[in-house]
Each structure stands twice: as structure tokens, then as C-alpha cells.
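Structure file input32.cif (mmCIF, C-alpha atoms) is printed below.
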data_input
#
loop_
_atom_site.label_atom_id
_atom_site.label_comp_id
_atom_site.auth_asym_id
_atom_site.auth_seq_id
_atom_site.Cartn_x
_atom_site.Cartn_y
_atom_site.Cartn_z
CA MET A 1 -23.04 0.53 14.64
CA ASP A 2 -23.49 3.83 12.82
CA LEU A 3 -20.27 3.72 10.82
CA LYS A 4 -20.33 7.00 8.92
CA SER A 5 -21.45 10.61 8.90
CA GLY A 6 -22.18 13.09 6.11
CA TYR A 7 -22.32 12.26 2.41
CA PRO A 8 -19.79 9.61 1.28
CA TRP A 9 -18.89 10.39 -2.32
CA TRP A 10 -18.98 6.85 -3.72
CA ALA A 11 -22.56 6.18 -2.67
CA ILE A 12 -23.68 9.57 -4.01
CA ARG A 13 -21.85 9.07 -7.30
CA ASN A 14 -23.11 5.53 -7.89
CA GLY A 15 -26.45 5.29 -6.10
CA LEU A 16 -27.95 1.87 -5.47
CA LEU A 17 -26.27 -0.18 -8.20
CA HIS A 18 -28.20 -3.41 -7.69
CA ALA A 19 -30.92 -4.76 -5.41
CA PHE A 20 -29.97 -7.94 -3.55
CA PRO A 21 -32.78 -9.76 -1.72
CA PRO A 22 -33.15 -10.37 2.01
CA LEU A 23 -33.02 -13.97 3.24
CA HIS A 24 -36.39 -15.69 3.71
CA GLN A 25 -35.56 -19.40 4.00
CA ASP A 26 -33.23 -21.88 5.69
CA LEU A 27 -30.13 -22.69 3.64
CA HIS A 28 -26.93 -24.77 3.67
CA CYS A 29 -23.50 -23.93 2.23
CA ASP A 30 -19.80 -24.63 2.53
CA VAL A 31 -18.87 -21.14 3.73
CA ALA A 32 -21.05 -18.31 5.00
CA VAL A 33 -19.54 -14.83 4.74
CA LEU A 34 -20.99 -12.35 7.22
CA GLY A 35 -20.49 -8.91 5.71
CA ALA A 36 -20.99 -7.64 2.15
CA GLY A 37 -18.50 -4.80 2.05
CA ILE A 38 -15.34 -4.90 -0.02
CA THR A 39 -13.67 -7.33 2.42
CA GLY A 40 -16.52 -9.82 2.31
CA ALA A 41 -16.83 -9.45 -1.46
CA LEU A 42 -13.15 -10.21 -2.09
CA ILE A 43 -13.22 -13.22 0.25
CA ALA A 44 -16.43 -14.60 -1.26
CA ASP A 45 -15.00 -14.15 -4.75
CA GLU A 46 -11.83 -16.06 -3.82
CA LEU A 47 -13.74 -18.94 -2.23
CA ALA A 48 -16.47 -19.25 -4.88
CA GLY A 49 -13.87 -19.00 -7.63
CA HIS A 50 -12.21 -22.13 -6.24
CA GLY A 51 -15.27 -24.31 -5.97
CA HIS A 52 -16.72 -23.47 -2.57
CA ASP A 53 -20.48 -22.99 -2.19
CA VAL A 54 -20.71 -19.55 -0.57
CA ILE A 55 -23.53 -17.50 0.94
CA VAL A 56 -22.99 -13.79 1.69
CA ILE A 57 -25.14 -11.99 4.27
CA ASP A 58 -25.20 -8.35 5.39
CA GLN A 59 -27.53 -6.48 7.71
CA ARG A 60 -27.28 -3.31 5.57
CA ASP A 61 -27.43 -2.75 1.84
CA VAL A 62 -24.34 -4.09 0.10
CA GLY A 63 -21.34 -1.80 0.48
CA TRP A 64 -23.19 0.61 2.74
CA GLY A 65 -20.93 0.28 5.79
CA SER A 66 -17.30 1.37 5.86
CA THR A 67 -16.82 0.58 2.15
CA ALA A 68 -18.91 3.61 1.18
CA ALA A 69 -16.71 5.82 3.38
CA SER A 70 -13.34 4.47 2.19
CA THR A 71 -11.00 6.79 0.31
CA ALA A 72 -9.49 3.69 -1.36
CA LEU A 73 -5.77 4.39 -1.46
CA LEU A 74 -4.24 1.03 -2.40
CA GLN A 75 -0.66 0.79 -1.18
CA TYR A 76 1.97 -1.75 -0.23
CA GLU A 77 3.13 0.77 2.38
CA ILE A 78 1.73 -0.01 5.81
CA ASP A 79 0.83 2.64 8.39
CA THR A 80 3.65 1.16 10.48
CA PRO A 81 6.97 1.76 8.69
CA MET A 82 8.90 -1.32 7.61
CA LEU A 83 11.73 -0.26 9.91
CA ASP A 84 9.42 -0.24 12.95
CA LEU A 85 7.96 -3.63 12.03
CA ALA A 86 11.50 -5.01 11.74
CA HIS A 87 12.34 -3.75 15.23
CA ARG A 88 9.18 -5.37 16.59
CA TYR A 89 9.02 -8.71 14.77
CA GLY A 90 12.32 -9.04 12.96
CA GLU A 91 13.30 -8.03 9.44
CA ASP A 92 12.06 -11.27 7.84
CA ASP A 93 8.48 -10.76 9.03
CA ALA A 94 8.55 -7.06 8.16
CA LEU A 95 9.72 -7.93 4.66
CA LEU A 96 7.07 -10.65 4.39
CA ALA A 97 4.28 -8.17 5.22
CA TYR A 98 5.51 -5.47 2.83
CA ARG A 99 6.15 -7.85 -0.06
CA ALA A 100 2.73 -9.45 0.40
CA CYS A 101 1.08 -6.02 0.24
CA ALA A 102 3.05 -5.23 -2.92
CA ASP A 103 1.76 -8.47 -4.46
CA ALA A 104 -1.79 -7.56 -3.40
CA VAL A 105 -1.75 -4.35 -5.44
CA GLY A 106 -1.09 -6.44 -8.55
CA LEU A 107 -3.80 -8.93 -7.62
CA LEU A 108 -6.31 -6.10 -7.19
CA ARG A 109 -5.28 -4.67 -10.57
CA ASP A 110 -5.94 -8.02 -12.26
CA LYS A 111 -9.29 -8.44 -10.53
CA ALA A 112 -10.37 -4.90 -11.42
CA LYS A 113 -9.35 -5.43 -15.05
CA ALA A 114 -11.54 -8.54 -15.24
CA LEU A 115 -14.50 -6.66 -13.75
CA GLY A 116 -14.11 -3.41 -15.70
CA ALA A 117 -15.65 0.00 -14.93
CA VAL A 118 -14.44 0.31 -11.32
CA ASP A 119 -12.17 3.33 -11.95
CA PHE A 120 -9.02 1.41 -11.07
CA ALA A 121 -5.80 3.24 -11.90
CA MET A 122 -2.18 2.56 -11.04
CA ALA A 123 -0.46 5.43 -9.25
CA ASP A 124 2.69 6.53 -7.46
CA SER A 125 2.75 7.13 -3.71
CA LEU A 126 4.58 10.10 -2.21
CA TYR A 127 5.30 9.75 1.50
CA TYR A 128 6.59 13.18 2.52
CA ALA A 129 8.24 14.46 5.68
CA SER A 130 5.98 16.79 7.62
CA LYS A 131 8.88 18.22 9.62
CA PRO A 132 12.69 18.32 9.28
CA ARG A 133 13.12 16.07 12.32
CA HIS A 134 11.28 13.30 10.44
CA LEU A 135 14.01 13.12 7.78
CA LYS A 136 16.41 10.79 9.61
CA PRO A 137 13.94 7.93 10.22
CA MET A 138 12.51 8.39 6.72
CA LEU A 139 15.96 8.09 5.16
CA GLU A 140 16.50 4.88 7.16
CA GLU A 141 13.12 3.60 5.97
CA TYR A 142 14.05 4.46 2.38
CA ALA A 143 17.39 2.66 2.67
CA LEU A 144 15.75 -0.49 4.08
CA ARG A 145 13.11 -0.64 1.34
CA ARG A 146 15.66 0.05 -1.38
CA ARG A 147 17.94 -2.69 -0.05
CA HIS A 148 15.09 -5.17 -0.42
CA GLY A 149 14.25 -4.13 -3.97
CA PHE A 150 11.13 -2.01 -3.52
CA PRO A 151 10.56 0.60 -6.27
CA VAL A 152 11.48 3.69 -4.27
CA ARG A 153 13.30 6.95 -4.95
CA TRP A 154 14.43 9.60 -2.46
CA LEU A 155 13.42 13.20 -3.20
CA ASP A 156 15.00 16.12 -1.38
CA ALA A 157 13.19 19.41 -0.76
CA ALA A 158 14.15 20.83 -4.16
CA ASP A 159 12.95 17.65 -5.93
CA VAL A 160 9.57 17.76 -4.15
CA SER A 161 9.10 21.42 -5.02
CA GLU A 162 10.09 20.99 -8.66
CA ARG A 163 8.12 17.82 -9.33
CA PHE A 164 5.01 18.36 -7.20
CA GLY A 165 4.82 22.08 -6.49
CA PHE A 166 4.73 22.07 -2.70
CA ALA A 167 7.23 22.38 0.12
CA ALA A 168 8.44 19.40 2.15
CA PRO A 169 11.87 18.61 3.64
CA GLY A 170 12.05 15.31 1.74
CA ALA A 171 9.97 12.37 0.56
CA ILE A 172 9.96 8.71 -0.49
CA LEU A 173 8.44 8.26 -3.94
CA SER A 174 7.14 4.73 -4.49
CA GLY A 175 6.12 3.42 -7.88
CA LEU A 176 3.57 0.86 -6.73
CA ALA A 177 0.15 2.12 -5.66
CA ALA A 178 -3.36 2.40 -7.09
CA THR A 179 -6.77 3.97 -6.64
CA VAL A 180 -10.25 2.54 -7.17
CA ASP A 181 -13.94 3.22 -6.61
CA PRO A 182 -14.42 0.79 -3.69
CA TYR A 183 -18.22 0.92 -3.70
CA ARG A 184 -18.49 0.04 -7.39
CA PHE A 185 -15.73 -2.58 -7.02
CA CYS A 186 -17.71 -4.25 -4.22
CA TYR A 187 -21.00 -4.23 -6.13
CA ARG A 188 -19.52 -5.54 -9.37
CA LEU A 189 -17.79 -8.38 -7.54
CA LEU A 190 -21.00 -9.45 -5.82
CA GLN A 191 -23.12 -9.03 -8.94
CA ARG A 192 -20.73 -11.28 -10.85
CA LEU A 193 -20.87 -13.83 -8.05
CA GLU A 194 -24.67 -13.74 -8.02
CA ARG A 195 -24.81 -14.34 -11.78
CA ALA A 196 -22.52 -17.35 -11.29
CA GLY A 197 -24.79 -18.86 -8.62
CA THR A 198 -23.47 -17.49 -5.33
CA ARG A 199 -26.30 -16.43 -3.05
CA VAL A 200 -26.04 -12.86 -1.75
CA PHE A 201 -28.49 -11.43 0.79
CA ASP A 202 -28.57 -7.97 2.30
CA ARG A 203 -30.94 -6.33 4.81
CA THR A 204 -30.66 -9.59 6.79
CA THR A 205 -29.59 -9.42 10.44
CA VAL A 206 -27.87 -12.38 12.08
CA ALA A 207 -28.87 -12.42 15.73
CA ARG A 208 -26.98 -15.50 16.93
CA VAL A 209 -24.02 -17.60 15.83
CA LEU A 210 -23.61 -21.15 17.15
CA ALA A 211 -20.46 -23.10 16.29
CA ASP A 212 -19.43 -26.66 17.07
CA ARG A 213 -16.84 -29.07 15.70
CA ARG A 214 -19.01 -29.92 12.66
CA GLY A 215 -20.07 -26.48 11.51
CA VAL A 216 -21.73 -23.16 12.23
CA ALA A 217 -25.40 -22.12 12.41
CA LEU A 218 -26.40 -18.50 11.77
CA HIS A 219 -29.84 -17.57 13.15
CA THR A 220 -31.44 -14.45 11.70
CA THR A 221 -33.89 -12.10 13.41
CA ASP A 222 -36.57 -13.33 10.98
CA GLY A 223 -36.22 -16.93 12.16
CA CYS A 224 -34.16 -18.32 9.28
CA VAL A 225 -31.09 -20.49 9.77
CA VAL A 226 -28.03 -20.76 7.55
CA ARG A 227 -25.89 -23.83 8.26
CA ALA A 228 -22.33 -23.78 6.99
CA ARG A 229 -19.17 -25.81 7.38
CA HIS A 230 -17.27 -22.57 7.99
CA LEU A 231 -18.11 -18.95 8.78
CA VAL A 232 -16.04 -15.93 7.79
CA VAL A 233 -16.86 -12.85 9.87
CA ALA A 234 -16.11 -9.91 7.56
CA ALA A 235 -18.26 -7.42 9.45
CA GLY A 236 -15.57 -4.76 9.57
CA TYR A 237 -15.27 -2.74 12.74
CA GLU A 238 -18.31 -4.43 14.29
CA SER A 239 -16.49 -7.79 14.38
CA GLN A 240 -14.73 -7.02 17.65
CA GLY A 241 -18.06 -7.38 19.44
CA LEU A 242 -17.88 -11.14 18.84
CA LEU A 243 -14.42 -11.58 20.32
CA GLY A 244 -14.84 -10.69 23.96
CA GLU A 245 -11.55 -8.79 23.86
CA ARG A 246 -10.37 -5.58 22.21
CA VAL A 247 -7.72 -6.18 19.56
CA ALA A 248 -7.95 -2.74 17.90
CA ARG A 249 -9.02 0.80 18.66
CA ASN A 250 -11.99 2.28 16.83
CA ARG A 251 -11.37 5.81 15.58
CA SER A 252 -12.92 8.28 13.15
CA SER A 253 -11.37 9.69 9.99
CA TYR A 254 -12.73 12.64 8.00
CA ALA A 255 -12.69 13.30 4.26
CA PHE A 256 -13.98 15.55 1.51
CA VAL A 257 -14.17 15.58 -2.29
CA THR A 258 -13.96 18.61 -4.58
CA ASP A 259 -15.54 19.42 -7.91
CA PRO A 260 -13.41 18.43 -10.92
CA ILE A 261 -10.34 20.68 -11.17
CA ARG A 262 -9.75 21.83 -14.73
CA GLY A 263 -6.54 22.51 -16.60
CA ASP A 264 -3.06 21.67 -15.35
CA ALA A 265 -3.53 22.79 -11.76
CA LEU A 266 -3.03 19.27 -10.39
CA HIS A 267 0.15 18.70 -12.42
CA ARG A 268 1.74 15.38 -11.35
CA LEU A 269 -0.84 14.78 -8.62
CA ARG A 270 -3.18 13.26 -11.20
CA ARG A 271 -1.25 10.00 -10.86
CA THR A 272 0.32 10.41 -7.40
CA MET A 273 -1.27 9.99 -3.99
CA LEU A 274 0.17 11.90 -1.04
CA TRP A 275 0.50 11.08 2.63
CA GLU A 276 2.65 12.58 5.34
CA SER A 277 4.87 11.42 8.18
CA ALA A 278 2.94 13.26 10.94
CA ARG A 279 0.39 11.29 12.95
CA PRO A 280 -2.51 11.48 12.38
CA TYR A 281 -1.60 12.03 8.76
CA LEU A 282 -3.10 13.99 5.91
CA TYR A 283 -3.71 11.90 2.78
CA LEU A 284 -4.78 12.92 -0.68
CA ARG A 285 -5.61 11.34 -4.02
CA THR A 286 -7.40 12.31 -7.21
CA THR A 287 -10.25 10.67 -9.11
CA ARG A 288 -10.43 9.80 -12.77
CA ASP A 289 -12.52 12.92 -13.47
CA GLY A 290 -10.01 15.23 -11.77
CA ARG A 291 -11.46 15.65 -8.29
CA ILE A 292 -9.33 15.78 -5.15
CA ILE A 293 -10.23 13.45 -2.29
CA ALA A 294 -8.48 14.42 0.93
CA GLY A 295 -8.71 12.82 4.33
CA GLY A 296 -7.29 12.82 7.83
CA GLU A 297 -7.91 14.75 11.05
CA ASP A 298 -8.35 11.34 12.73
CA ASP A 299 -9.53 11.30 16.33
CA ALA A 300 -10.53 8.81 18.99
CA ILE A 301 -14.25 9.62 18.73
CA ASP A 302 -16.40 6.52 18.29
CA VAL A 303 -19.76 8.08 19.21
CA PRO A 304 -21.88 8.80 16.09
CA ASP A 305 -23.52 11.98 17.41
CA LYS A 306 -20.18 13.46 18.42
CA ARG A 307 -18.64 12.49 15.08
CA ASP A 308 -21.58 14.06 13.25
CA ALA A 309 -21.16 17.29 15.21
CA ARG A 310 -17.46 17.51 14.38
CA LEU A 311 -17.78 16.96 10.64
CA GLY A 312 -18.03 20.62 9.60
CA ARG A 313 -15.12 21.72 11.77
CA LYS A 314 -12.98 18.80 10.67
CA THR A 315 -13.71 19.51 7.00
CA ASP A 316 -12.62 23.12 7.48
CA ALA A 317 -9.39 21.98 9.15
CA LEU A 318 -8.66 19.52 6.32
CA MET A 319 -9.39 22.16 3.71
CA LYS A 320 -6.98 24.57 5.41
CA LYS A 321 -4.21 21.95 5.38
CA VAL A 322 -4.75 21.04 1.73
CA ARG A 323 -4.83 24.67 0.63
CA ALA A 324 -1.59 25.31 2.52
CA LEU A 325 -0.02 22.29 0.83
CA LEU A 326 -1.30 23.19 -2.66
CA PRO A 327 -1.66 26.98 -2.66
CA GLY A 328 -1.89 27.19 -6.44
CA VAL A 329 -4.91 24.89 -6.71
CA ALA A 330 -8.35 26.51 -6.41
CA MET A 331 -10.72 24.03 -4.76
CA GLN A 332 -13.84 23.80 -2.66
CA PRO A 333 -15.34 20.76 -0.90
CA VAL A 334 -18.64 19.65 -2.40
CA PHE A 335 -19.26 16.63 -0.19
CA SER A 336 -17.67 15.67 3.13
CA TRP A 337 -18.03 12.64 5.34
CA ALA A 338 -16.53 10.75 8.25
CA GLY A 339 -16.19 7.05 8.88
CA THR A 340 -15.25 4.68 11.65
CA PHE A 341 -12.03 2.80 11.18
CA ALA A 342 -9.97 0.62 13.49
CA GLU A 343 -6.24 0.42 13.95
CA THR A 344 -4.24 -2.32 15.58
CA GLU A 345 -1.23 -1.58 17.74
CA ASP A 346 1.23 -2.77 15.09
CA GLY A 347 -0.71 -1.77 11.96
CA LEU A 348 -1.23 -5.38 10.84
CA PRO A 349 -4.58 -7.15 10.27
CA PHE A 350 -6.05 -10.26 11.86
CA PHE A 351 -7.27 -13.19 9.75
CA GLY A 352 -8.30 -16.61 11.00
CA PRO A 353 -9.95 -18.36 13.97
CA HIS A 354 -10.11 -16.94 17.46
CA ARG A 355 -9.99 -19.18 20.55
CA LYS A 356 -13.44 -18.00 21.68
CA HIS A 357 -15.29 -19.56 18.72
CA GLY A 358 -13.16 -22.50 17.62
CA PRO A 359 -11.60 -23.46 14.27
CA ARG A 360 -14.68 -23.11 12.05
CA VAL A 361 -15.26 -19.38 12.67
CA HIS A 362 -12.72 -17.24 10.85
CA PHE A 363 -12.36 -13.50 11.35
CA ALA A 364 -11.38 -11.07 8.60
CA MET A 365 -10.20 -7.89 10.32
CA ALA A 366 -8.55 -5.85 7.58
CA TYR A 367 -7.89 -2.94 9.90
CA GLY A 368 -5.75 0.14 9.26
CA GLY A 369 -5.02 2.30 6.25
CA ASN A 370 -4.42 -0.75 4.03
CA GLY A 371 -7.88 -2.23 4.43
CA ILE A 372 -8.53 -3.19 0.80
CA THR A 373 -4.97 -4.41 0.26
CA TYR A 374 -5.19 -6.51 3.42
CA SER A 375 -8.58 -7.87 2.31
CA MET A 376 -7.04 -9.12 -0.93
CA LEU A 377 -4.35 -10.94 1.04
CA GLY A 378 -6.84 -12.23 3.59
CA ALA A 379 -8.97 -13.81 0.88
CA GLY A 380 -6.16 -16.16 -0.11
CA LEU A 381 -5.10 -16.74 3.48
CA LEU A 382 -8.59 -17.74 4.63
CA ARG A 383 -9.10 -20.02 1.65
CA ALA A 384 -5.87 -21.79 2.58
CA LEU A 385 -7.03 -22.24 6.19
CA ILE A 386 -10.44 -23.56 5.12
CA GLU A 387 -8.75 -25.97 2.71
CA ARG A 388 -6.29 -27.00 5.45
CA ARG A 389 -3.24 -25.70 3.63
CA ARG A 390 -0.36 -23.71 5.01
CA HIS A 391 -0.09 -20.03 4.07
CA PRO A 392 3.05 -17.91 4.58
CA LEU A 393 1.08 -15.11 6.27
CA ALA A 394 -0.99 -17.35 8.56
CA ASP A 395 1.16 -16.84 11.67
CA LEU A 396 1.96 -13.14 11.23
CA PHE A 397 -1.66 -12.19 10.54
CA SER A 398 -3.22 -14.44 13.20
CA PHE A 399 -4.44 -13.67 16.72
CA ALA A 400 -1.42 -15.63 18.01
CA ARG A 401 0.59 -12.49 17.17
CA LEU A 402 -0.88 -10.90 20.30
CA ASP A 403 1.29 -13.22 22.42
CA ARG A 404 4.56 -12.37 20.69
#

Whole structure given in C-alpha cells:
Amino acid sequence: MDLKSGYPWWAIRNGLLHAFPPLHQDLHCDVAVLGAGITGALIADELAGHGHDVIVIDQRDVGWGSTAASTALLQYEIDTPMLDLAHRYGEDDALLAYRACADAVGLLRDKAKALGAVDFAMADSLYYASKPRHLKPMLEEYALRRRHGFPVRWLDAADVSERFGFAAPGAILSGLAATVDPYRFCYRLLQRLERAGTRVFDRTTVARVLADRRGVALHTTDGCVVRARHLVVAAGYESQGLLGERVARNRSSYAFVTDPIRGDALHRLRRTMLWESARPYLYLRTTRDGRIIAGGEDDAIDVPDKRDARLGRKTDALMKKVRALLPGVAMQPVFSWAGTFAETEDGLPFFGPHRKHGPRVHFAMAYGGNGITYSMLGAGLLRALIERRRHPLADLFSFARLDR
């Protein structure tokens, strides 16, 4: 799949950080991880860090799929409000999902601190009402989160205007979010793993996967075979092709980055990400050097040529929305891009085996706006499954959820 259009900022900013080799020989391991984006990197790091012999394989350069196009807003807040999840699965499961995502932000902070130089920064998250009619459900959402101890504060229209300098009928301010450079985070994780003995191969295409009750064999287009006790498919939005059924909808999201904005024009936005209640939603964050990254204008296009053709128009539409939101901030896009993403019906990910391939092939589908947060959770969940231990999220994040 062609997963992105335009000029993703992270790849331009960082360039090719490290050259990993292609695979040229047959190998054995405990766990093969198919996919070397941020999801595969986090899972490989979790497994290798607990004694498993891991091999990572990607058909592209490391981090060059959806990771390079991510805007990397790290939140405990799921695209599906906690209130809606509670109506669908019950309040206990909704609380389980939200609390797990809150824990994941802290886990990502600790991992980033150990790596260093990945531009990780804690932030607040402002979820604002796009229209007055959105206030009632947002107030109910706020009350539910507050009752369960989440760090939230309600802001009315005057509060939003005074604190953030734009107009909105109301907003939920959450004190638990973060931002990161996902491309650099991915590379530094895999470089550290390689130094510790984990084998990482890119530019290696797996043409066939054969699984039986004893293990999995991955056959590459160059005639090499990797035999593993378990396989984790962390191939992002391409993974659905191995399932034989559609469990998510592929869509496109558009984004741009500005030049650094000098002075105090950004005010409190330097440590607060924004996203709105309308769907599809506008989202916005800043970088450590004072740039604005804005995204949204999502559509159902999953054809690369059509997505490419829409990029300029979508960038203009995003720019118009951001300028209307922040009229006092002078800005101009310097790079814009679009990327494929997938969303499940309920906003939750899928981790674990699928009936088509048996118990030794595990899928890591960290779909939705919480992709990196979900990947952090999925790393621990998949390790538990491989080690035959129970995990509290195993049922809620499994394919069995489709039958509920």
C-alpha cells in the first residue's frame, strides 16, 4: 500500500537516521515481528526486554509507513467518548479502556526518558465543543470522567476565551497528554534493540506466512525463511489483508506544519493540544521549536492518486479552519502531507490471534487516533498472551469483541 502523500514533517526533519540491513539468510527466533513502525518497535522492545529472541522485518525502510505521517498526539482520551463506550460495553469496560490509556501515557514517558532525544513532552488536552448543541453530551462526559478520578476541568466559553484566546461554547481540559517525534522514537527504539542483539531487517518483503501448531514460517521474496514460535503482525493498515474480513475502515487524514512561531503568539497552546467535538475533527499541537502541526479533514478516500490530488485543497481547508480558530496567530504551512489510517466501529484496537491463522499468529492493530498509546498497551498484552498469562485487556481488545 501507498500509505502517505506529500512531505511528512518527521521524515524531512530527521532524514534517514540509521541504515538497517535487508535479510539474506534463513533464521530462527522466538518471536518474529512483521512491521518496523512505532507499533512494531514498541512490541519488539517489550518482548526483547523480557528475554525473548526477536526478529523485526519490514518491507520498507524503518518508520517509513504510517509512523512518518503520524501527528503523534498521545492521549488517554479515545475517539469514542467514555460515555458512548459505557453505553455499548458497560461502564466497567469503558473505565478499563480509559484507565489503561492513561497508564500508557506514563509508560511512554518513561520509555522516552530512557531513550532521550525524541522530543517527548507532557501536555494538556483541550477537547472543545464545536457547536452549542454539543455541550450537553460533553458535560455528561466530563461528569463521568470526573466521577472516576480523571484529571479533568470544565471550562465555559469565557474560560476558553480567557485562557486560550479562541471562541468555543465550552471544553474539557485534561491534564494527562503528551507529544513526541514518532519517527525518531521508532528509530531510537530499534537502534537500541539492535545494539543489544535483536536482529532488525528492513527492505525485506514477506511473500508468504505458514502457521501450524508448532510455529510460523515467513518466506521472503528473496527465498529466505524465518522460523519463529510466534509471529506478531504489526503491519499497520495493511494487516487487514491477512484476515479475510474487514474489521476497520481505511480513511485518509491530512496535516500540515508551520515554520516556528516567534514570541508569545501561541500563549498556552505551547503545552496544550486541541481537538474538537465535530466529526471529522480538527486537531492541533505544537512542536518543541514552536511550530504548529494541525490535522483533520478526514475522508473515506483510500486510493493514493485521489488522496494525492486532494492534498492541496485539503491543506487550504485546514489552514482556513486554524486561522479562524486562532486569528491572532500569523502562520503559513511549510510542509503538508496525508496518511492512511483505519478506524474501528467502536474506536478500540485489536490485539491477539485471529481464528483464520491460529494461536501462534498475533495481530497488532492499533487503529484510531490513539495509535501510539494503544501500541504501548498492546506490547504488554501480546507479551502476556505469548507467555500464556492472563491480561486484563485481553478480552476487550480481542477479535472476540466483534461478537458482543

message: Under the PyMOL selection byres ((chain A and resi 39) around 9), which residues of this model are included? Write them out as a ChimeraX atom specification.
response: /A:35-38,40-44,67,186,234-236,364-366,371-372,374-376,378-379

Sorted by chain and rising residue number, which residues of region 200-257 of chain A lie within 7 Å of region 334-357 of chain A, and what are their closest atom pairs and distances in Å to one decimal, counting only C-alpha atoms, as CSV?
residue,atom,partner,partner_atom,distance
A:Ala211,CA,A:His357,CA,6.7
A:Tyr237,CA,A:Ala342,CA,6.3
A:Leu243,CA,A:Lys356,CA,6.6
A:Val247,CA,A:Thr344,CA,6.5
A:Ala248,CA,A:Thr344,CA,4.4
A:Arg249,CA,A:Ala342,CA,5.3
A:Asn250,CA,A:Ala342,CA,4.2
A:Arg251,CA,A:Phe341,CA,5.4
A:Ser252,CA,A:Thr340,CA,4.5
A:Ser253,CA,A:Ala338,CA,5.5
A:Tyr254,CA,A:Ala338,CA,4.3
A:Ala255,CA,A:Trp337,CA,5.5
A:Phe256,CA,A:Ser336,CA,4.0
A:Val257,CA,A:Phe335,CA,5.6

Straight-line distance linking CA of His24 (chain A) with CA of Thr221 (chain A), stated in Å to one decimal: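 Going from CA of His24 (chain A) over to CA of Thr221 (chain A) covers 10.6 Å.
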
task: Enter the distance from CA of Val62 (chain A) to CA of His230 (chain A), in Å, rounded to one decimal.
output: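 Atom-to-atom, CA of Val62 (chain A) to CA of His230 (chain A), that is 21.3 Å.
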
task: Would you kindly return, as a list in words, each protein, DNA or RNA residue with an atom no farther than 6 Å from any atom of Ser174 (chain A), considering all atoms listed in the file and excluding same-chain residues fewer than 4 positions away?
output: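 Using all atoms listed in the file, the neighbours found are Asp124, Ser125, Pro151 and Val152 of chain A.
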
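Nearest to Asp403 (chain A) of all the residues A:Glu140, A:Tyr89, A:Asp212, A:Leu318 is A:Tyr89, counting all atoms listed in the file.
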
query: Can you tell me, as a ChimeraX atom specification, what residues are no more than 6 Å from region 129-131 of chain A when counting all atoms listed in the file, ignoring any on the same chain fewer than 5 positions away?
result: /A:169-171,276-278

query: CA of His391 (chain A) and CA of Leu34 (chain A), how far apart in Å?
result: 22.5 Å

- prompt: Hey, what comes out of the PyMOL selection byres ((chain A and resi 180) around 7) on this file? Could you write it as a ChimeraX atom specification?
  reply: /A:72,118-121,178-179,181-182

Would you compute the box with edges along x, y and z of the file around region 359-365 of chain A, including every atom the file lists for it and 6 Å extra on each side, and give its centre and edge lengths in Å to one decimal, as lines of an AutoDock Vina configuration file?
center_x = -12.7
center_y = -15.7
center_z = 11.4
size_x = 17.1
size_y = 27.6
size_z = 17.7

message: Going by the chain IDs and residue numbers used in this file, which residues fall under the PyMOL selection byres ((chain A and resi 214) around 12)? Write them as a PyMOL selection string.
response: chain A and resi 30+210-213+215-217+227-231+358-361

- request: Give me the residues within 8 Å of Leu377 (chain A) as a list in words, counting all atoms listed in the file and dropping any in the same chain fewer than 3 places off.
  value: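 What passes the distance filter is Ala100, Cys101, Ala104, Thr373, Tyr374, Gly380 and Leu381 of chain A.
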
- prompt: In terms of the shortest atom-to-atom distance over only C-alpha atoms, which of A:Leu139, A:Leu284, A:Val226, A:Leu47 is closest to Leu385 (chain A)?
  reply: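 Among A:Leu139, A:Leu284, A:Val226, A:Leu47, it is A:Leu47 that comes nearest to Leu385 (chain A).
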
field: Neighbour list for region 198-200 of chain A as a list in words, cut-off 8 Å, all atoms listed in the file, skip fewer than 3 positions in-chain
entry: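 Counting all atoms listed in the file, the residues come to Phe20, Pro21, Ala48, Asp53, Val54, Ile55, Val56, Ile57, Leu190, Leu193, Glu194 and Arg195 of chain A.
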
- line: Nearest to Ala317 (chain A), restricted to all atoms listed in the file and choosing among A:Val303, A:Leu282, A:Pro392, A:Leu189, comes out as A:Leu282
